[in-house]
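Below is coords.csv, which holds CSV, C-alpha atoms.
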chain,number,residue,atom,x,y,z
A,9,MET,CA,88.0,90.0,118.9
A,10,ARG,CA,87.3,87.2,116.5
A,11,LEU,CA,89.6,87.0,113.6
A,12,LEU,CA,87.1,87.8,110.9
A,13,LEU,CA,85.8,90.7,112.8
A,14,GLN,CA,89.3,92.0,113.1
A,15,LEU,CA,89.7,91.7,109.4
A,16,ALA,CA,86.3,93.4,108.9
A,17,LEU,CA,87.4,96.3,111.1
A,18,ILE,CA,90.7,96.8,109.2
A,19,LEU,CA,88.9,96.5,105.8
A,20,SER,CA,86.4,99.1,106.9
A,21,VAL,CA,89.2,101.5,107.5
A,22,CYS,CA,90.5,100.7,104.0
A,23,PHE,CA,87.0,101.3,102.7
A,24,ILE,CA,86.9,104.8,104.3
A,25,GLY,CA,90.4,105.5,102.9
A,26,ASP,CA,89.3,104.5,99.4
A,27,PHE,CA,86.1,106.6,99.8
A,28,LEU,CA,88.0,109.7,100.8
A,29,HIS,CA,90.4,109.3,97.9
A,30,ARG,CA,88.0,108.4,95.1
A,31,VAL,CA,84.8,110.2,96.1
A,32,CYS,CA,86.1,113.2,98.1
A,33,GLY,CA,89.1,113.6,95.9
A,34,ILE,CA,91.8,113.8,98.7
A,35,PRO,CA,95.1,113.5,96.7
A,36,LEU,CA,96.6,110.7,98.8
A,37,PRO,CA,96.3,107.0,98.0
A,38,GLY,CA,93.5,105.1,99.8
A,39,ASN,CA,96.1,102.8,101.5
A,40,ILE,CA,98.0,105.7,103.0
A,41,LEU,CA,94.8,107.4,104.1
A,42,ALA,CA,93.7,104.1,105.7
A,43,MET,CA,97.0,104.0,107.6
A,44,LEU,CA,96.5,107.6,108.8
A,45,ILE,CA,92.9,106.9,109.9
A,46,LEU,CA,93.8,103.7,111.7
A,47,PHE,CA,96.6,105.7,113.4
A,48,LEU,CA,94.1,108.4,114.6
A,49,LEU,CA,91.6,105.7,115.7
A,50,LEU,CA,94.4,104.1,117.8
A,51,CYS,CA,95.6,107.5,119.2
A,52,THR,CA,92.1,108.5,120.2
A,53,LYS,CA,91.6,104.9,121.7
A,54,ILE,CA,88.4,104.4,119.7
A,55,VAL,CA,90.2,101.2,118.5
A,56,LYS,CA,92.6,99.4,120.8
A,57,VAL,CA,95.6,97.5,119.6
A,58,ASP,CA,94.3,94.3,121.3
A,59,GLN,CA,91.2,94.5,119.1
A,60,ILE,CA,93.2,94.0,115.9
A,61,ALA,CA,96.3,92.4,117.3
A,62,GLU,CA,96.2,89.0,115.6
A,63,MET,CA,95.1,90.3,112.2
A,64,SER,CA,97.6,93.1,112.1
A,65,ASP,CA,100.3,90.7,113.1
A,66,PHE,CA,99.3,88.4,110.3
A,67,PHE,CA,99.8,91.2,107.7
A,68,LEU,CA,102.9,92.7,109.2
A,69,LYS,CA,104.7,89.4,109.5
A,70,ARG,CA,104.3,88.7,105.7
A,71,LEU,CA,104.2,92.2,104.3
A,72,PRO,CA,106.5,91.5,101.3
A,73,PHE,CA,104.2,88.7,100.2
A,74,PHE,CA,101.4,91.2,99.3
A,75,PHE,CA,103.8,93.2,97.2
A,76,LEU,CA,104.8,90.3,95.0
A,77,PRO,CA,102.0,90.7,92.4
A,78,PRO,CA,102.9,94.3,91.5
A,79,THR,CA,106.6,93.2,91.5
A,80,ILE,CA,105.9,90.6,88.9
A,81,GLY,CA,104.3,93.3,86.8
A,82,ILE,CA,107.8,94.6,86.0
A,83,LEU,CA,107.7,91.9,83.3
A,84,ALA,CA,105.4,94.2,81.4
A,85,VAL,CA,108.1,97.0,81.3
A,86,TYR,CA,110.7,94.8,79.6
A,87,GLY,CA,109.6,95.8,76.1
A,88,VAL,CA,109.3,99.5,76.9
A,89,LEU,CA,112.8,99.9,78.2
A,90,LYS,CA,114.7,98.0,75.4
A,91,GLY,CA,118.3,99.1,75.3
A,92,ASN,CA,118.1,101.1,78.6
A,93,LEU,CA,117.4,98.0,80.7
A,94,ILE,CA,120.8,97.6,82.4
A,95,LEU,CA,121.3,101.3,82.9
A,96,PHE,CA,117.8,101.7,84.3
A,97,PHE,CA,118.4,98.8,86.8
A,98,LEU,CA,121.8,100.1,87.9
A,99,LEU,CA,120.6,103.6,88.4
A,100,SER,CA,117.6,102.4,90.5
A,101,VAL,CA,119.9,100.4,92.7
A,102,LEU,CA,122.6,103.1,93.0
A,103,ALA,CA,120.1,105.9,93.8
A,104,THR,CA,118.5,103.7,96.5
A,105,ILE,CA,121.8,102.9,98.2
A,106,VAL,CA,122.9,106.6,98.2
A,107,THR,CA,119.5,107.8,99.5
A,108,LEU,CA,119.4,105.2,102.2
A,109,ALA,CA,123.0,106.0,103.4
A,110,VAL,CA,122.5,109.8,103.4
A,111,THR,CA,119.1,109.8,105.0
A,112,GLY,CA,120.3,107.4,107.7
A,113,LYS,CA,123.5,109.2,108.5
A,114,VAL,CA,121.9,112.6,108.6
A,115,THR,CA,119.1,111.4,110.9
A,116,ASP,CA,121.5,109.5,113.0
A,117,ILE,CA,123.7,112.6,113.6
A,118,LEU,CA,120.7,114.8,114.3
A,119,VAL,CA,119.1,112.3,116.8
A,120,ASN,CA,122.4,112.0,118.6
A,121,ILE,CA,122.9,115.7,118.8
A,122,GLN,CA,119.3,116.1,120.2
A,123,GLU,CA,119.8,113.3,122.8
A,124,LYS,CA,123.1,114.7,123.9
A,125,GLY,CA,121.5,118.2,124.2
A,126,LYS,CA,118.9,116.8,126.5
A,127,LYS,CA,121.4,115.0,128.7
A,128,ASP,CA,123.4,118.1,129.1
A,129,ALA,CA,120.4,120.3,129.9
B,27,MET,CA,96.4,72.4,78.1
B,28,ARG,CA,97.0,76.1,78.9
B,29,GLU,CA,93.4,76.6,79.8
B,30,VAL,CA,94.0,74.6,83.0
B,31,LEU,CA,95.9,77.6,84.3
B,32,ASN,CA,93.0,80.1,83.6
B,33,THR,CA,92.0,80.1,87.3
B,34,PRO,CA,93.0,82.5,90.1
B,35,PHE,CA,94.3,79.5,92.1
B,36,PHE,CA,97.3,79.2,89.8
B,37,GLY,CA,98.7,82.6,90.6
B,38,ILE,CA,97.9,82.4,94.2
B,39,VAL,CA,99.5,79.1,94.8
B,40,LEU,CA,102.6,80.0,92.7
B,41,THR,CA,103.0,83.2,94.8
B,42,ILE,CA,102.6,81.4,98.1
B,43,VAL,CA,105.0,78.6,97.2
B,44,ALA,CA,107.6,81.0,95.8
B,45,TYR,CA,107.4,83.2,99.0
B,46,GLU,CA,107.7,80.3,101.3
B,47,VAL,CA,110.8,79.1,99.4
B,48,GLY,CA,112.2,82.6,99.8
B,49,VAL,CA,111.5,82.6,103.5
B,50,ALA,CA,113.0,79.1,104.0
B,51,CYS,CA,116.2,80.2,102.1
B,52,SER,CA,116.6,83.4,104.1
B,53,ARG,CA,116.2,81.5,107.4
B,54,LYS,CA,118.7,78.9,106.3
B,55,PHE,CA,121.4,81.2,105.0
B,56,LYS,CA,120.8,84.3,107.2
B,57,LEU,CA,122.4,86.6,104.7
B,58,SER,CA,120.6,89.9,103.8
B,59,ILE,CA,121.3,89.0,100.1
B,60,CYS,CA,118.9,86.1,100.6
B,61,ASN,CA,115.9,88.5,100.8
B,62,PRO,CA,112.7,86.4,100.8
B,63,MET,CA,110.9,88.8,98.5
B,64,MET,CA,113.8,89.0,96.0
B,65,ILE,CA,114.1,85.2,95.9
B,66,ALA,CA,110.3,84.8,95.4
B,67,ALA,CA,110.2,87.5,92.7
B,68,VAL,CA,113.1,85.9,90.8
B,69,LEU,CA,111.4,82.4,91.1
B,70,ILE,CA,108.0,83.6,89.8
B,71,ILE,CA,109.5,85.8,87.0
B,72,GLY,CA,111.8,82.9,86.0
B,73,PHE,CA,109.0,80.4,86.0
B,74,LEU,CA,106.7,82.6,83.9
B,75,LEU,CA,109.5,83.4,81.4
B,76,ILE,CA,110.6,79.8,81.0
B,77,SER,CA,107.1,78.3,80.8
B,78,GLY,CA,105.9,81.1,78.5
B,79,ILE,CA,102.9,81.7,80.7
B,80,GLU,CA,101.4,85.1,80.2
B,81,LEU,CA,101.5,87.8,82.9
B,82,GLU,CA,97.7,88.1,82.5
B,83,THR,CA,97.3,84.4,83.5
B,84,TYR,CA,99.4,85.0,86.6
B,85,ASN,CA,97.5,88.1,87.4
B,86,LEU,CA,94.2,86.2,87.6
B,87,GLY,CA,95.4,85.1,91.0
B,88,GLY,CA,97.9,87.9,91.6
B,89,ASP,CA,95.1,90.5,91.6
B,90,TYR,CA,93.4,88.8,94.5
B,91,ILE,CA,96.6,89.0,96.6
B,92,ALA,CA,97.2,92.6,95.5
B,93,ILE,CA,93.8,93.6,97.0
B,94,PHE,CA,95.3,92.9,100.4
B,95,LEU,CA,98.0,95.5,99.9
B,96,GLY,CA,95.4,97.9,101.3
B,97,PRO,CA,95.0,96.3,104.8
B,98,ALA,CA,98.7,95.3,104.8
B,99,THR,CA,99.6,99.0,104.5
B,100,ALA,CA,96.9,100.2,106.9
B,101,VAL,CA,98.1,98.1,109.7
B,102,LEU,CA,101.5,99.8,109.6
B,103,ALA,CA,99.7,102.2,111.8
B,104,VAL,CA,100.0,99.7,114.7
B,105,PRO,CA,103.8,99.7,115.1
B,106,LEU,CA,103.7,103.5,114.5
B,107,TYR,CA,101.2,103.9,117.3
B,108,LYS,CA,103.2,101.7,119.7
B,109,GLN,CA,106.3,103.8,119.0
B,110,LEU,CA,104.5,107.1,119.5
B,111,ASP,CA,106.9,108.2,122.2
B,112,GLN,CA,109.9,107.8,119.9
B,113,LEU,CA,108.1,109.8,117.2
B,114,LYS,CA,107.3,112.7,119.6
B,115,ALA,CA,110.8,112.7,121.1
B,116,HIS,CA,112.6,112.8,117.7
B,117,LEU,CA,110.2,114.7,115.6
B,118,VAL,CA,112.5,117.4,114.3
B,119,PRO,CA,115.5,115.1,113.3
B,120,ILE,CA,112.9,112.7,111.7
B,121,LEU,CA,111.4,115.4,109.5
B,122,ILE,CA,114.8,116.9,108.5
B,123,GLY,CA,116.1,113.4,107.7
B,124,ILE,CA,113.1,112.6,105.4
B,125,LEU,CA,113.5,116.0,103.7
B,126,VAL,CA,117.2,115.5,103.1
B,127,GLY,CA,116.5,111.9,101.8
B,128,THR,CA,113.9,113.1,99.4
B,129,LEU,CA,116.3,115.8,98.0
B,130,THR,CA,119.1,113.3,97.8
B,131,SER,CA,117.0,110.9,95.8
B,132,PHE,CA,116.0,113.8,93.4
B,133,ALA,CA,119.6,115.0,93.1
B,134,ILE,CA,121.2,111.6,92.4
B,135,VAL,CA,118.6,110.8,89.7
B,136,MET,CA,119.1,114.2,88.0
B,137,LEU,CA,122.9,113.9,88.3
B,138,CYS,CA,123.1,110.4,86.8
B,139,ALA,CA,120.6,111.3,84.1
B,140,GLY,CA,123.0,114.1,83.2
B,141,ILE,CA,126.2,112.0,83.3
B,142,PHE,CA,124.7,109.1,81.3
B,143,GLN,CA,122.6,111.3,79.0
B,144,ILE,CA,119.4,109.5,79.8
B,145,GLU,CA,116.3,110.4,77.8
B,146,GLU,CA,114.0,112.9,79.5
B,147,VAL,CA,111.1,110.5,79.7
B,148,LEU,CA,113.2,107.9,81.5
B,149,LYS,CA,114.5,110.5,83.9
B,150,PHE,CA,111.0,111.7,84.8
B,151,SER,CA,109.9,108.1,85.3
B,152,LEU,CA,112.7,107.5,87.7
B,153,LEU,CA,112.2,110.5,89.9
B,154,PRO,CA,109.3,109.1,92.0
B,155,LYS,CA,111.2,105.8,92.6
B,156,SER,CA,111.4,106.1,96.4
B,157,ILE,CA,107.7,106.5,97.1
B,158,THR,CA,104.8,104.1,97.3
B,159,ILE,CA,103.3,102.8,94.0
B,160,PRO,CA,99.9,104.7,93.9
B,161,MET,CA,101.6,108.0,94.7
B,162,GLY,CA,104.5,107.3,92.4
B,163,VAL,CA,102.2,106.6,89.5
B,164,GLU,CA,100.4,109.9,89.9
B,165,LEU,CA,103.6,111.9,90.2
B,166,SER,CA,105.1,110.1,87.2
B,167,LYS,CA,102.0,111.0,85.1
B,168,SER,CA,102.0,114.7,86.2
B,169,ILE,CA,105.7,115.3,85.4
B,170,GLY,CA,105.7,113.4,82.1
B,171,GLY,CA,107.1,110.0,83.0
B,172,ILE,CA,105.8,106.6,82.0
B,173,PRO,CA,103.9,105.0,84.9
B,174,ALA,CA,104.9,101.4,84.0
B,175,ILE,CA,108.6,102.3,84.1
B,176,THR,CA,108.0,104.2,87.4
B,177,ILE,CA,106.4,101.1,88.9
B,178,ALA,CA,109.3,99.0,87.8
B,179,SER,CA,111.9,101.4,89.4
B,180,ILE,CA,109.8,101.6,92.6
B,181,VAL,CA,109.8,97.8,92.8
B,182,ILE,CA,113.6,97.5,92.2
B,183,THR,CA,114.1,100.3,94.7
B,184,GLY,CA,112.0,98.5,97.4
B,185,ILE,CA,113.8,95.2,97.0
B,186,THR,CA,117.2,96.9,96.9
B,187,GLY,CA,116.4,98.8,100.1
B,188,GLY,CA,115.4,95.5,101.9
B,189,VAL,CA,118.6,93.8,100.7
B,190,VAL,CA,121.1,96.6,101.4
B,191,ALA,CA,119.6,98.2,104.5
B,192,PRO,CA,121.4,96.1,107.2
B,193,ILE,CA,124.7,96.3,105.2
B,194,ILE,CA,124.6,100.1,104.8
B,195,CYS,CA,123.6,100.6,108.5
B,196,ARG,CA,126.6,98.6,109.5
B,197,VAL,CA,129.1,100.1,107.0
B,198,CYS,CA,128.0,103.8,107.5
B,199,LYS,CA,127.6,103.2,111.3
B,200,ILE,CA,124.0,104.3,111.3
B,201,LYS,CA,123.2,103.0,114.8
B,202,HIS,CA,120.1,104.7,116.2
B,203,PRO,CA,117.0,102.6,115.5
B,204,VAL,CA,115.1,105.7,114.7
B,205,ALA,CA,117.6,106.7,112.0
B,206,GLN,CA,117.7,103.2,110.6
B,207,GLY,CA,114.0,103.1,110.2
B,208,ILE,CA,113.7,106.6,108.7
B,209,ALA,CA,116.5,105.7,106.2
B,210,VAL,CA,114.8,102.5,105.0
B,211,GLY,CA,111.3,104.0,104.7
B,212,THR,CA,112.5,107.2,103.0
B,213,ALA,CA,114.6,105.3,100.5
B,214,SER,CA,112.5,102.3,99.8
B,215,HIS,CA,108.9,102.7,100.9
B,216,ALA,CA,106.7,99.8,102.1
B,217,VAL,CA,108.7,97.0,100.5
B,218,GLY,CA,111.8,98.2,102.4
B,219,THR,CA,109.7,98.7,105.5
B,220,ALA,CA,109.1,94.9,105.6
B,221,LYS,CA,112.8,94.6,106.3
B,222,ALA,CA,112.7,97.4,108.8
B,223,LEU,CA,110.1,95.5,110.8
B,224,GLU,CA,112.5,92.6,110.9
B,225,MET,CA,115.3,94.9,112.2
B,226,GLY,CA,113.1,95.9,115.2
B,227,GLU,CA,109.8,97.5,116.2
B,228,THR,CA,111.2,101.1,116.3
B,229,GLN,CA,112.8,100.7,112.9
B,230,GLY,CA,109.5,99.3,111.5
B,231,ALA,CA,107.5,102.1,113.0
B,232,MET,CA,109.8,104.9,111.8
B,233,SER,CA,109.9,103.3,108.3
B,234,SER,CA,106.1,103.2,108.2
B,235,LEU,CA,105.9,106.9,109.1
B,236,ALA,CA,108.6,107.7,106.4
B,237,ILE,CA,106.5,106.1,103.7
B,238,GLY,CA,103.7,108.6,104.0
B,239,VAL,CA,105.8,111.7,104.7
B,240,THR,CA,108.3,110.9,101.9
B,241,GLY,CA,105.4,110.3,99.5
B,242,VAL,CA,103.8,113.7,100.3
B,243,VAL,CA,107.1,115.6,100.3
B,244,THR,CA,108.3,114.1,97.0
B,245,SER,CA,105.0,114.7,95.3
B,246,VAL,CA,105.1,118.3,96.3
B,247,ILE,CA,108.7,119.3,95.8
B,248,THR,CA,109.5,117.3,92.6
B,249,PRO,CA,107.4,119.4,90.3
B,250,ILE,CA,108.6,122.6,92.0
B,251,LEU,CA,112.3,121.7,91.7
B,252,LEU,CA,111.8,120.6,88.0
B,253,HIS,CA,110.1,123.9,87.3
B,254,LEU,CA,113.0,125.9,89.0
B,255,LEU,CA,115.6,123.9,87.1
B,256,ALA,CA,113.9,124.5,83.8
B,257,GLY,CA,113.4,128.2,84.5

Could you rewrite the structure in this file as structure tokens?
Amino acid sequence: MRLLLQLALILSVCFIGDFLHRVCGIPLPGNILAMLILFLLLCTKIVKVDQIAEMSDFFLKRLPFFFLPPTIGILAVYGVLKGNLILFFLLSVLATIVTLAVTGKVTDILVNIQEKGKKDA
Amino acid sequence: MREVLNTPFFGIVLTIVAYEVGVACSRKFKLSICNPMMIAAVLIIGFLLISGIELETYNLGGDYIAIFLGPATAVLAVPLYKQLDQLKAHLVPILIGILVGTLTSFAIVMLCAGIFQIEEVLKFSLLPKSITIPMGVELSKSIGGIPAITIASIVITGITGGVVAPIICRVCKIKHPVAQGIAVGTASHAVGTAKALEMGETQGAMSSLAIGVTGVVTSVITPILLHLLAG
């Protein structure tokens, strides 16, 4: 499909996601609903991956770029945190490292147990 | 003179240039510390602080870019769909992993808050740190946190996840691509997922899945756990 049409298709899904969140009051963010809807559209083959291949590639390849503006927004919190700034920063970093390690290790062990079980069976 | 900058083009160009510098650095040095997003964020924040340009002026352009967070998040459905078989095959470990991760994040924040005697409001603002911004803001409001602080901790969490993910996977010997992806997505939402996509398609897909599930699980269990602990 032509690029602008691909974009229009993806944005339409976002539109529906926003609609479900804001008008119908579904307590999930529009972005997450849009991901869910697009996933269902792909699973039901109503939309095929080829039809949005270039545009989804465009977004996926530079995903962090789109998160930069909210990131720069942390400038606004500087005044609110005052003396707690360093503690706040260290705590955020530490908790992330621990969460990542524990989640990964537990999932890794479980996946391996499951795969081993299947091989033995 | 400052009026020259009162146009969306300033923020847009600054963001693109900073991002491309970040990408160029990370290609050149190939270290996970050289995360393009972290470099870009430091450059932009540094530039605004040194020049004294207001955040509002930057946001004239930044807001246009932020609109595209919607489609950028939506298309995470594509890698997820392509890895549907992996998802089906490992559904139970995936869900348990995400639940354990959510509880770990809760426990570590509560524990550190106790040790360092952190104010209640700061603690409540930190609890939603591993979930995506719109969900985190809602949860923060409902448990008595300050949304601005929550957003800041979500952002720091995301960048940290992207930077440390490859190191932690190596050090802790987390080898299965499914486990790597779930770890990154559960700990560091969509910003970390950008790194997971670089690690591989399976990692990216699992991380995408974990964003949504972690968001829902965290939003549901955090108020319940706080209620139980208070009671």

Write out as a ChimeraX atom specification the residues lying within 7 Å of range 105-116 of chain A, counting all atoms listed in the file and excluding same-chain residues fewer than 6 positions away. /B:119-120,123-124,126-127,130-131,194,198,200-202,205-206,208-210,213

Considering all atoms listed in the file, return as a ChimeraX atom specification whatever protein or nucleic-acid residues lie within 7 Å of range 35-38 of chain A, sequence-local ones (same chain, fewer than 5 positions apart) excluded. /A:22,25-26,29 /B:160-161

For Ile18 in chain A: contacts at 9 Å, all atoms listed in the file, fewer than 3 positions along chain excluded, given as a PyMOL selection string: (chain A and resi 13-15+21-23+42+46+60+63-64) or (chain B and resi 97+100-101)

Show me the residues around (112.3, 103.0, 106.7) - criterion: an atom at most 12 Å away, all atoms listed in the file counted - as a PyMOL selection string. (chain A and resi 104+107-109+111-112+115) or (chain B and resi 102+106+120+123-124+127+156-157+184+187-188+191-192+195+203-240)

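Across the structure, CA of Ile40 in chain A and CA of Gly96 in chain B are spaced 8.4 Å apart.
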
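When all atoms listed in the file are used to compute distances to Val181 in chain B, the closest of the residues B:Ile141, B:Val242, B:Met64, B:Ala92 turns out to be B:Met64.
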
To box range 209-226 of chain B, take all atoms listed in the file, fit an axis-aligned box, add 5 Å on each side, and give centre and edge lengths in Å to one decimal, as lines of an AutoDock Vina configuration file.
center_x = 111.6
center_y = 99.9
center_z = 107.5
size_x = 19.8
size_y = 24.6
size_z = 25.4

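For the atom pair formed by CA of Met63 in chain B and CA of Tyr84 in chain B, the distance is 17.0 Å, given to one decimal.
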
Please compute the CA of Tyr90 in chain B-CA of Ile80 in chain A distance, one decimal, in Å. 13.8 Å

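The nearest approach to chain A among the residues B:Gly87, B:Gly170, B:Gly140, B:Pro34, with all atoms listed in the file taken into account, belongs to B:Gly87.
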